[in-house]
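File shown: protein-v9.cif (mmCIF, C-alpha atoms).
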data_upload
loop_
_atom_site.group_PDB
_atom_site.id
_atom_site.type_symbol
_atom_site.label_atom_id
_atom_site.label_comp_id
_atom_site.auth_asym_id
_atom_site.auth_seq_id
_atom_site.Cartn_x
_atom_site.Cartn_y
_atom_site.Cartn_z
ATOM 1 C CA MET X 1 73.642 122.639 111.831
ATOM 2 C CA SER X 2 69.988 122.047 112.659
ATOM 3 C CA THR X 3 68.740 121.161 116.111
ATOM 4 C CA PRO X 4 66.100 118.423 116.433
ATOM 5 C CA VAL X 5 62.672 119.615 117.600
ATOM 6 C CA ALA X 6 60.437 116.777 118.760
ATOM 7 C CA GLY X 7 62.546 114.271 116.821
ATOM 8 C CA ARG X 8 62.789 116.378 113.637
ATOM 9 C CA SER X 9 65.164 119.063 112.470
ATOM 10 C CA TYR X 10 64.106 122.619 111.645
ATOM 11 C CA TYR X 11 64.672 121.891 107.988
ATOM 12 C CA ASP X 12 62.321 118.877 108.046
ATOM 13 C CA VAL X 13 59.621 120.901 109.791
ATOM 14 C CA TRP X 14 60.043 123.743 107.300
ATOM 15 C CA CYS X 15 59.802 121.359 104.311
ATOM 16 C CA MET X 16 56.608 119.788 105.697
ATOM 17 C CA ALA X 17 55.064 123.227 106.329
ATOM 18 C CA ARG X 18 55.914 124.372 102.810
ATOM 19 C CA TRP X 19 54.428 121.220 101.304
ATOM 20 C CA GLY X 20 51.253 121.670 103.340
ATOM 21 C CA ALA X 21 50.905 125.312 102.233
ATOM 22 C CA CYS X 22 51.303 124.345 98.573
ATOM 23 C CA ALA X 23 48.625 121.640 98.936
ATOM 24 C CA ALA X 24 46.189 124.085 100.579
ATOM 25 C CA VAL X 25 46.679 126.677 97.829
ATOM 26 C CA SER X 26 46.115 124.123 95.062
ATOM 27 C CA VAL X 27 42.887 122.859 96.713
ATOM 28 C CA ALA X 28 41.634 126.438 97.119
ATOM 29 C CA LEU X 29 42.360 127.333 93.507
ATOM 30 C CA SER X 30 40.860 124.161 92.073
ATOM 31 C CA GLY X 31 37.347 125.231 93.116
ATOM 32 C CA CYS X 32 37.464 128.546 91.200
ATOM 33 C CA MET X 33 36.400 127.235 87.781
ATOM 34 C CA THR X 34 34.768 124.104 86.501
ATOM 35 C CA LEU X 35 34.535 122.785 82.964
ATOM 36 C CA GLY X 36 30.780 123.358 82.856
ATOM 37 C CA ASP X 37 31.180 127.124 83.128
ATOM 38 C CA TYR X 38 33.237 127.376 79.896
ATOM 39 C CA GLU X 39 31.520 128.832 76.825
ATOM 40 C CA PRO X 40 33.343 128.858 73.493
ATOM 41 C CA PRO X 41 33.620 132.236 71.792
ATOM 42 C CA PRO X 42 31.079 132.989 69.058
ATOM 43 C CA GLY X 43 32.208 132.459 65.479
ATOM 44 C CA PRO X 44 33.114 129.628 63.194
ATOM 45 C CA PRO X 45 34.285 126.431 64.815
ATOM 46 C CA PRO X 46 38.018 125.945 64.943
ATOM 47 C CA GLU X 47 39.465 123.928 62.102
ATOM 48 C CA ALA X 48 40.635 120.467 62.765
ATOM 49 C CA VAL X 49 44.288 120.293 63.474
ATOM 50 C CA THR X 50 46.126 117.992 61.137
ATOM 51 C CA SER X 51 49.425 116.600 62.012
ATOM 52 C CA ALA X 52 51.666 117.814 59.259
ATOM 53 C CA PRO X 53 55.356 117.145 59.540
ATOM 54 C CA LEU X 54 57.259 120.116 60.726
ATOM 55 C CA PRO X 55 60.101 121.333 58.545
ATOM 56 C CA GLU X 56 63.452 120.459 59.997
ATOM 57 C CA LEU X 57 65.446 123.400 61.096
ATOM 58 C CA ALA X 58 69.044 123.431 60.019
ATOM 59 C CA VAL X 59 71.107 123.773 63.147
ATOM 60 C CA PRO X 60 74.585 124.994 62.353
ATOM 61 C CA LYS X 61 77.279 122.773 63.752
ATOM 62 C CA PRO X 62 79.722 124.568 66.010
ATOM 63 C CA VAL X 63 83.053 125.134 64.372
ATOM 64 C CA PRO X 64 85.875 124.363 66.768
ATOM 65 C CA LYS X 65 88.357 127.138 67.275
ATOM 66 C CA PRO X 66 91.867 126.288 66.244
ATOM 67 C CA ALA X 67 94.054 125.771 69.284
ATOM 68 C CA ALA X 68 96.505 128.550 69.934
ATOM 69 C CA ARG X 69 99.931 127.243 69.185
ATOM 70 C CA LYS X 70 102.899 128.117 71.255
ATOM 71 C CA PRO X 71 105.879 129.375 69.348
ATOM 72 C CA PRO X 72 108.535 126.712 68.979
ATOM 73 C CA ARG X 73 111.273 126.734 71.576
ATOM 74 C CA PRO X 74 114.643 127.865 70.440
ATOM 75 C CA PRO X 75 117.190 125.063 70.487
ATOM 76 C CA ARG X 76 119.181 124.734 73.661
ATOM 77 C CA PRO X 77 122.733 125.903 73.415
ATOM 78 C CA GLU X 78 125.300 123.178 73.415
ATOM 79 C CA PRO X 79 127.097 122.823 76.739
ATOM 80 C CA GLU X 80 130.571 124.201 76.785
ATOM 81 C CA VAL X 81 133.085 121.462 76.230
ATOM 82 C CA ALA X 82 135.854 123.203 78.087
ATOM 83 C CA ARG X 83 134.944 125.439 80.987
ATOM 84 C CA ARG X 84 136.867 128.630 81.444
ATOM 85 C CA GLN X 85 139.709 128.262 83.828
ATOM 86 C CA PRO X 86 139.359 130.639 86.787
ATOM 87 C CA ALA X 87 142.059 133.186 87.379
ATOM 88 C CA PRO X 88 144.819 131.593 89.446
ATOM 89 C CA VAL X 89 144.796 132.510 93.112
ATOM 90 C CA ASP X 90 148.071 132.907 94.942
ATOM 91 C CA LEU X 91 147.367 131.753 98.478
ATOM 92 C CA LYS X 92 149.861 134.305 99.807
ATOM 93 C CA GLN X 93 147.348 137.027 98.950
ATOM 94 C CA LEU X 94 144.930 135.486 101.493
ATOM 95 C CA ILE X 95 147.165 136.478 104.422
ATOM 96 C CA GLY X 96 145.427 139.210 106.451
ATOM 97 C CA LEU X 97 142.027 138.895 104.690
ATOM 98 C CA ASN X 98 138.822 138.565 106.693
ATOM 99 C CA GLN X 99 136.249 135.786 106.249
ATOM 100 C CA THR X 100 134.076 137.726 103.794
ATOM 101 C CA ALA X 101 136.988 138.390 101.439
ATOM 102 C CA VAL X 102 138.118 134.746 101.526
ATOM 103 C CA ARG X 103 134.578 133.541 100.838
ATOM 104 C CA ARG X 104 134.405 135.927 97.877
ATOM 105 C CA LEU X 105 137.646 134.477 96.440
ATOM 106 C CA LEU X 106 137.305 130.773 97.224
ATOM 107 C CA GLY X 107 133.593 130.280 97.918
ATOM 108 C CA THR X 108 131.951 128.460 100.795
ATOM 109 C CA PRO X 109 134.228 125.948 102.535
ATOM 110 C CA ARG X 110 133.364 122.256 102.561
ATOM 111 C CA ARG X 111 134.039 121.988 106.296
ATOM 112 C CA VAL X 112 134.684 124.395 109.169
ATOM 113 C CA ARG X 113 136.746 123.398 112.166
ATOM 114 C CA THR X 114 137.311 125.382 115.350
ATOM 115 C CA ASP X 115 140.268 124.922 117.652
ATOM 116 C CA HIS X 116 141.105 126.783 120.847
ATOM 117 C CA LEU X 117 141.767 130.162 119.257
ATOM 118 C CA SER X 118 141.737 129.438 115.557
ATOM 119 C CA LEU X 119 139.094 128.806 112.951
ATOM 120 C CA SER X 120 139.935 126.564 109.965
ATOM 121 C CA TRP X 121 138.090 126.485 106.655
ATOM 122 C CA ILE X 122 138.716 123.342 104.626
ATOM 123 C CA TYR X 123 138.235 123.387 100.862
ATOM 124 C CA GLU X 124 138.290 120.080 98.970
ATOM 125 C CA ALA X 125 138.760 119.063 95.347
ATOM 126 C CA PRO X 126 139.325 115.633 93.807
ATOM 127 C CA GLY X 127 142.719 114.454 95.077
ATOM 128 C CA CYS X 128 143.605 117.399 97.322
ATOM 129 C CA SER X 129 142.444 119.856 99.979
ATOM 130 C CA VAL X 130 143.418 123.300 101.243
ATOM 131 C CA ARG X 131 143.107 124.524 104.816
ATOM 132 C CA VAL X 132 142.849 128.266 105.499
ATOM 133 C CA VAL X 133 143.443 129.135 109.160
ATOM 134 C CA PHE X 134 141.942 132.270 110.720
ATOM 135 C CA TYR X 135 143.054 133.801 114.020
ATOM 136 C CA PRO X 136 141.291 136.554 115.955
ATOM 137 C CA SER X 137 142.528 140.080 115.491
ATOM 138 C CA LEU X 138 143.093 141.902 118.761
ATOM 139 C CA ASP X 139 142.340 145.278 117.183
ATOM 140 C CA ASN X 140 138.736 144.724 116.098
ATOM 141 C CA ALA X 141 137.756 141.253 117.426
ATOM 142 C CA SER X 142 137.349 139.734 113.956
ATOM 143 C CA PHE X 143 139.113 136.789 112.309
ATOM 144 C CA HIS X 144 141.857 137.188 109.684
ATOM 145 C CA VAL X 145 143.909 134.639 107.723
ATOM 146 C CA LEU X 146 147.255 133.939 109.304
ATOM 147 C CA LYS X 147 148.302 130.786 107.443
ATOM 148 C CA PHE X 148 147.237 128.165 104.891
ATOM 149 C CA ALA X 149 148.276 124.684 103.875
ATOM 150 C CA GLY X 150 147.595 122.255 101.030
ATOM 151 C CA PHE X 151 147.317 118.486 101.325
ATOM 152 C CA GLY X 152 147.308 115.721 98.724
ATOM 153 C CA GLY X 153 144.752 112.934 98.509
ATOM 154 C CA ASP X 154 146.949 110.778 100.759
ATOM 155 C CA GLY X 155 147.132 113.521 103.437
ATOM 156 C CA ALA X 156 150.742 114.486 102.644
ATOM 157 C CA PRO X 157 151.480 118.250 102.605
ATOM 158 C CA LEU X 158 151.756 119.873 99.179
ATOM 159 C CA ASP X 159 154.727 122.076 98.321
ATOM 160 C CA THR X 160 152.638 124.171 95.911
ATOM 161 C CA PRO X 161 148.976 124.228 96.902
ATOM 162 C CA GLY X 162 148.139 126.655 94.035
ATOM 163 C CA ALA X 163 147.272 123.755 91.688
ATOM 164 C CA CYS X 164 144.855 122.405 94.288
ATOM 165 C CA VAL X 165 143.235 125.835 94.628
ATOM 166 C CA SER X 166 142.723 125.891 90.836
ATOM 167 C CA ARG X 167 140.974 122.491 91.043
ATOM 168 C CA ILE X 168 138.808 123.768 93.915
ATOM 169 C CA LEU X 169 137.748 126.795 91.884
ATOM 170 C CA VAL X 170 136.983 124.675 88.789
ATOM 171 C CA ALA X 171 134.892 122.273 90.903
ATOM 172 C CA ARG X 172 133.059 125.243 92.474
ATOM 173 C CA ASP X 173 132.324 126.832 89.066
ATOM 174 C CA ASN X 174 131.110 123.535 87.597
ATOM 175 C CA ALA X 175 128.798 122.953 90.569
ATOM 176 C CA HIS X 176 126.813 126.120 89.760
#

In structure tokens, what does this structure look like?
Amino acid sequence: MSTPVAGRSYYDVWCMARWGACAAVSVALSGCMTLGDYEPPPGPPPEAVTSAPLPELAVPKPVPKPAARKPPRPPRPEPEVARRQPAPVDLKQLIGLNQTAVRRLLGTPRRVRTDHLSLSWIYEAPGCSVRVVFYPSLDNASFHVLKFAGFGGDGAPLDTPGACVSRILVARDNAH
């Protein structure tokens, strides 16, 4: 950023100084030669220049390069009509598992609820839900599954929550 000097910036002062120097040089050089000092070289006078039309030069037109074409995309595979059914999970095998093992089998829970000593993971599917309840282990201070329960869409307990677990796994696999 330039700083004003006597109302003008350094750039303005520099431009004016450059212009003045150019003017002084042109005045000094203009006095070096006058037209009266010129003598034509000896020999025949130069021929009169006639204005003949110049031949037109053929300028080649640029040839556009063909655009590089991308290879055609392969057709998308048709979506599977029927998704594979996941292997059935017997909820009794969850008893004694830690949180990592349950997450590996059932996925991430929809909700997590903590009570005084327990931790509940709630998995939901259309029309039902399953609650897996963890309690702390006194041996290594980690949580392990102690019980589970299945509930219908109306909140009534399910006698066989295995069908609900299958729906939860199908919903989880279809979400990915």

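The residues caught by the PyMOL selection byres ((chain X and resi 134) around 6) in this file are Ser118, Leu119, Val133, Tyr135, Phe143, His144, Val145 and Leu146 of chain X.
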
X:Val102, X:Ala141, X:Ala68, X:Val130: which is nearest X:Pro161, counting all atoms listed in the file? X:Val130

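This file gives the following result for the PyMOL selection byres ((chain X and resi 106) around 9): Val89, Ala101, Val102, Arg103, Arg104, Leu105, Gly107, Thr108, Pro109, Tyr123, Val165, Ile168, Leu169 and Arg172 of chain X.
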
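The spacing separating atom CA of X:Pro136 from atom CA of X:Arg113 amounts to 14.4 Å.
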
Atomic separation - atom CA of X:Trp121 relative to atom CA of X:Phe148, Å: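 Taking atom CA of X:Phe148 and atom CA of X:Trp121, their separation equals 9.5 Å.
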
Of the listed residues X:Leu94, X:Asn174, X:Thr100, X:Thr114, that which approaches X:Gly162 most closely, counting all atoms listed in the file: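 Answer, going by the shortest atom-to-atom distance: X:Leu94.
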
From the set X:His116, X:Arg110, X:Arg167, X:Lys147, which residue has the shortest atom-to-atom contact distance to X:Cys128, counting only C-alpha atoms?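 Of all the options, X:Arg167 lies closest to X:Cys128.
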
Enter the distance from atom CA of X:Gly150 to atom CA of X:Asp115, in Å, rounded to one decimal. 18.4 Å

So, with only C-alpha atoms as the atoms that count, which of X:Asp12, X:Glu124, X:Asp90, X:Glu56 lies closest to X:Gly155? X:Glu124

Atoms added to stretch 58-82 of chain X (N, CA and C atoms), reported as a PDB file, in the coordinates of the input:
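As written to disk, part.pdb reads:
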ATOM      1  N   ALA X  58      67.623 123.714  60.177  1.00  0.00           N
ATOM      2  CA  ALA X  58      69.044 123.431  60.019  1.00  0.00           C
ATOM      3  C   ALA X  58      69.791 124.087  61.180  1.00  0.00           C
ATOM      4  N   VAL X  59      70.342 123.278  62.003  1.00  0.00           N
ATOM      5  CA  VAL X  59      71.107 123.773  63.147  1.00  0.00           C
ATOM      6  C   VAL X  59      72.571 123.785  62.738  1.00  0.00           C
ATOM      7  N   PRO X  60      73.174 124.964  62.759  1.00  0.00           N
ATOM      8  CA  PRO X  60      74.585 124.994  62.353  1.00  0.00           C
ATOM      9  C   PRO X  60      75.451 124.270  63.388  1.00  0.00           C
ATOM     10  N   LYS X  61      76.363 123.489  62.870  1.00  0.00           N
ATOM     11  CA  LYS X  61      77.279 122.773  63.752  1.00  0.00           C
ATOM     12  C   LYS X  61      78.345 123.743  64.233  1.00  0.00           C
ATOM     13  N   PRO X  62      78.690 123.650  65.518  1.00  0.00           N
ATOM     14  CA  PRO X  62      79.722 124.568  66.010  1.00  0.00           C
ATOM     15  C   PRO X  62      81.071 124.250  65.366  1.00  0.00           C
ATOM     16  N   VAL X  63      81.735 125.286  64.976  1.00  0.00           N
ATOM     17  CA  VAL X  63      83.053 125.134  64.372  1.00  0.00           C
ATOM     18  C   VAL X  63      84.087 125.283  65.482  1.00  0.00           C
ATOM     19  N   PRO X  64      84.883 124.257  65.685  1.00  0.00           N
ATOM     20  CA  PRO X  64      85.875 124.363  66.768  1.00  0.00           C
ATOM     21  C   PRO X  64      86.929 125.409  66.418  1.00  0.00           C
ATOM     22  N   LYS X  65      87.312 126.142  67.453  1.00  0.00           N
ATOM     23  CA  LYS X  65      88.357 127.138  67.275  1.00  0.00           C
ATOM     24  C   LYS X  65      89.697 126.430  67.159  1.00  0.00           C
ATOM     25  N   PRO X  66      90.542 126.914  66.301  1.00  0.00           N
ATOM     26  CA  PRO X  66      91.867 126.288  66.244  1.00  0.00           C
ATOM     27  C   PRO X  66      92.626 126.608  67.532  1.00  0.00           C
ATOM     28  N   ALA X  67      93.302 125.606  68.037  1.00  0.00           N
ATOM     29  CA  ALA X  67      94.054 125.771  69.284  1.00  0.00           C
ATOM     30  C   ALA X  67      95.210 126.740  69.060  1.00  0.00           C
ATOM     31  N   ALA X  68      95.396 127.604  70.037  1.00  0.00           N
ATOM     32  CA  ALA X  68      96.505 128.550  69.934  1.00  0.00           C
ATOM     33  C   ALA X  68      97.800 127.776  70.079  1.00  0.00           C
ATOM     34  N   ARG X  69      98.660 127.972  69.149  1.00  0.00           N
ATOM     35  CA  ARG X  69      99.931 127.243  69.185  1.00  0.00           C
ATOM     36  C   ARG X  69     100.997 128.094  69.830  1.00  0.00           C
ATOM     37  N   LYS X  70     101.779 127.428  70.635  1.00  0.00           N
ATOM     38  CA  LYS X  70     102.899 128.117  71.255  1.00  0.00           C
ATOM     39  C   LYS X  70     104.018 128.214  70.219  1.00  0.00           C
ATOM     40  N   PRO X  71     104.759 129.295  70.286  1.00  0.00           N
ATOM     41  CA  PRO X  71     105.879 129.375  69.348  1.00  0.00           C
ATOM     42  C   PRO X  71     106.900 128.297  69.690  1.00  0.00           C
ATOM     43  N   PRO X  72     107.568 127.780  68.697  1.00  0.00           N
ATOM     44  CA  PRO X  72     108.535 126.712  68.979  1.00  0.00           C
ATOM     45  C   PRO X  72     109.680 127.237  69.838  1.00  0.00           C
ATOM     46  N   ARG X  73     110.161 126.367  70.699  1.00  0.00           N
ATOM     47  CA  ARG X  73     111.273 126.734  71.576  1.00  0.00           C
ATOM     48  C   ARG X  73     112.546 126.859  70.758  1.00  0.00           C
ATOM     49  N   PRO X  74     113.350 127.811  71.119  1.00  0.00           N
ATOM     50  CA  PRO X  74     114.643 127.865  70.440  1.00  0.00           C
ATOM     51  C   PRO X  74     115.496 126.689  70.907  1.00  0.00           C
ATOM     52  N   PRO X  75     116.360 126.212  70.070  1.00  0.00           N
ATOM     53  CA  PRO X  75     117.190 125.063  70.487  1.00  0.00           C
ATOM     54  C   PRO X  75     118.097 125.458  71.644  1.00  0.00           C
ATOM     55  N   ARG X  76     118.306 124.494  72.514  1.00  0.00           N
ATOM     56  CA  ARG X  76     119.181 124.734  73.661  1.00  0.00           C
ATOM     57  C   ARG X  76     120.616 124.874  73.190  1.00  0.00           C
ATOM     58  N   PRO X  77     121.326 125.784  73.812  1.00  0.00           N
ATOM     59  CA  PRO X  77     122.733 125.903  73.415  1.00  0.00           C
ATOM     60  C   PRO X  77     123.504 124.672  73.860  1.00  0.00           C
ATOM     61  N   GLU X  78     124.458 124.330  73.079  1.00  0.00           N
ATOM     62  CA  GLU X  78     125.300 123.178  73.415  1.00  0.00           C
ATOM     63  C   GLU X  78     126.126 123.508  74.648  1.00  0.00           C
ATOM     64  N   PRO X  79     126.275 122.547  75.558  1.00  0.00           N
ATOM     65  CA  PRO X  79     127.097 122.823  76.739  1.00  0.00           C
ATOM     66  C   PRO X  79     128.546 123.046  76.322  1.00  0.00           C
ATOM     67  N   GLU X  80     129.173 123.917  77.085  1.00  0.00           N
ATOM     68  CA  GLU X  80     130.571 124.201  76.785  1.00  0.00           C
ATOM     69  C   GLU X  80     131.401 122.951  77.030  1.00  0.00           C
ATOM     70  N   VAL X  81     132.237 122.639  76.085  1.00  0.00           N
ATOM     71  CA  VAL X  81     133.085 121.462  76.230  1.00  0.00           C
ATOM     72  C   VAL X  81     134.176 121.738  77.260  1.00  0.00           C
ATOM     73  N   ALA X  82     134.799 122.858  77.131  1.00  0.00           N
ATOM     74  CA  ALA X  82     135.854 123.203  78.087  1.00  0.00           C
ATOM     75  C   ALA X  82     135.400 124.435  78.858  1.00  0.00           C
TER      76      ALA X  82
END
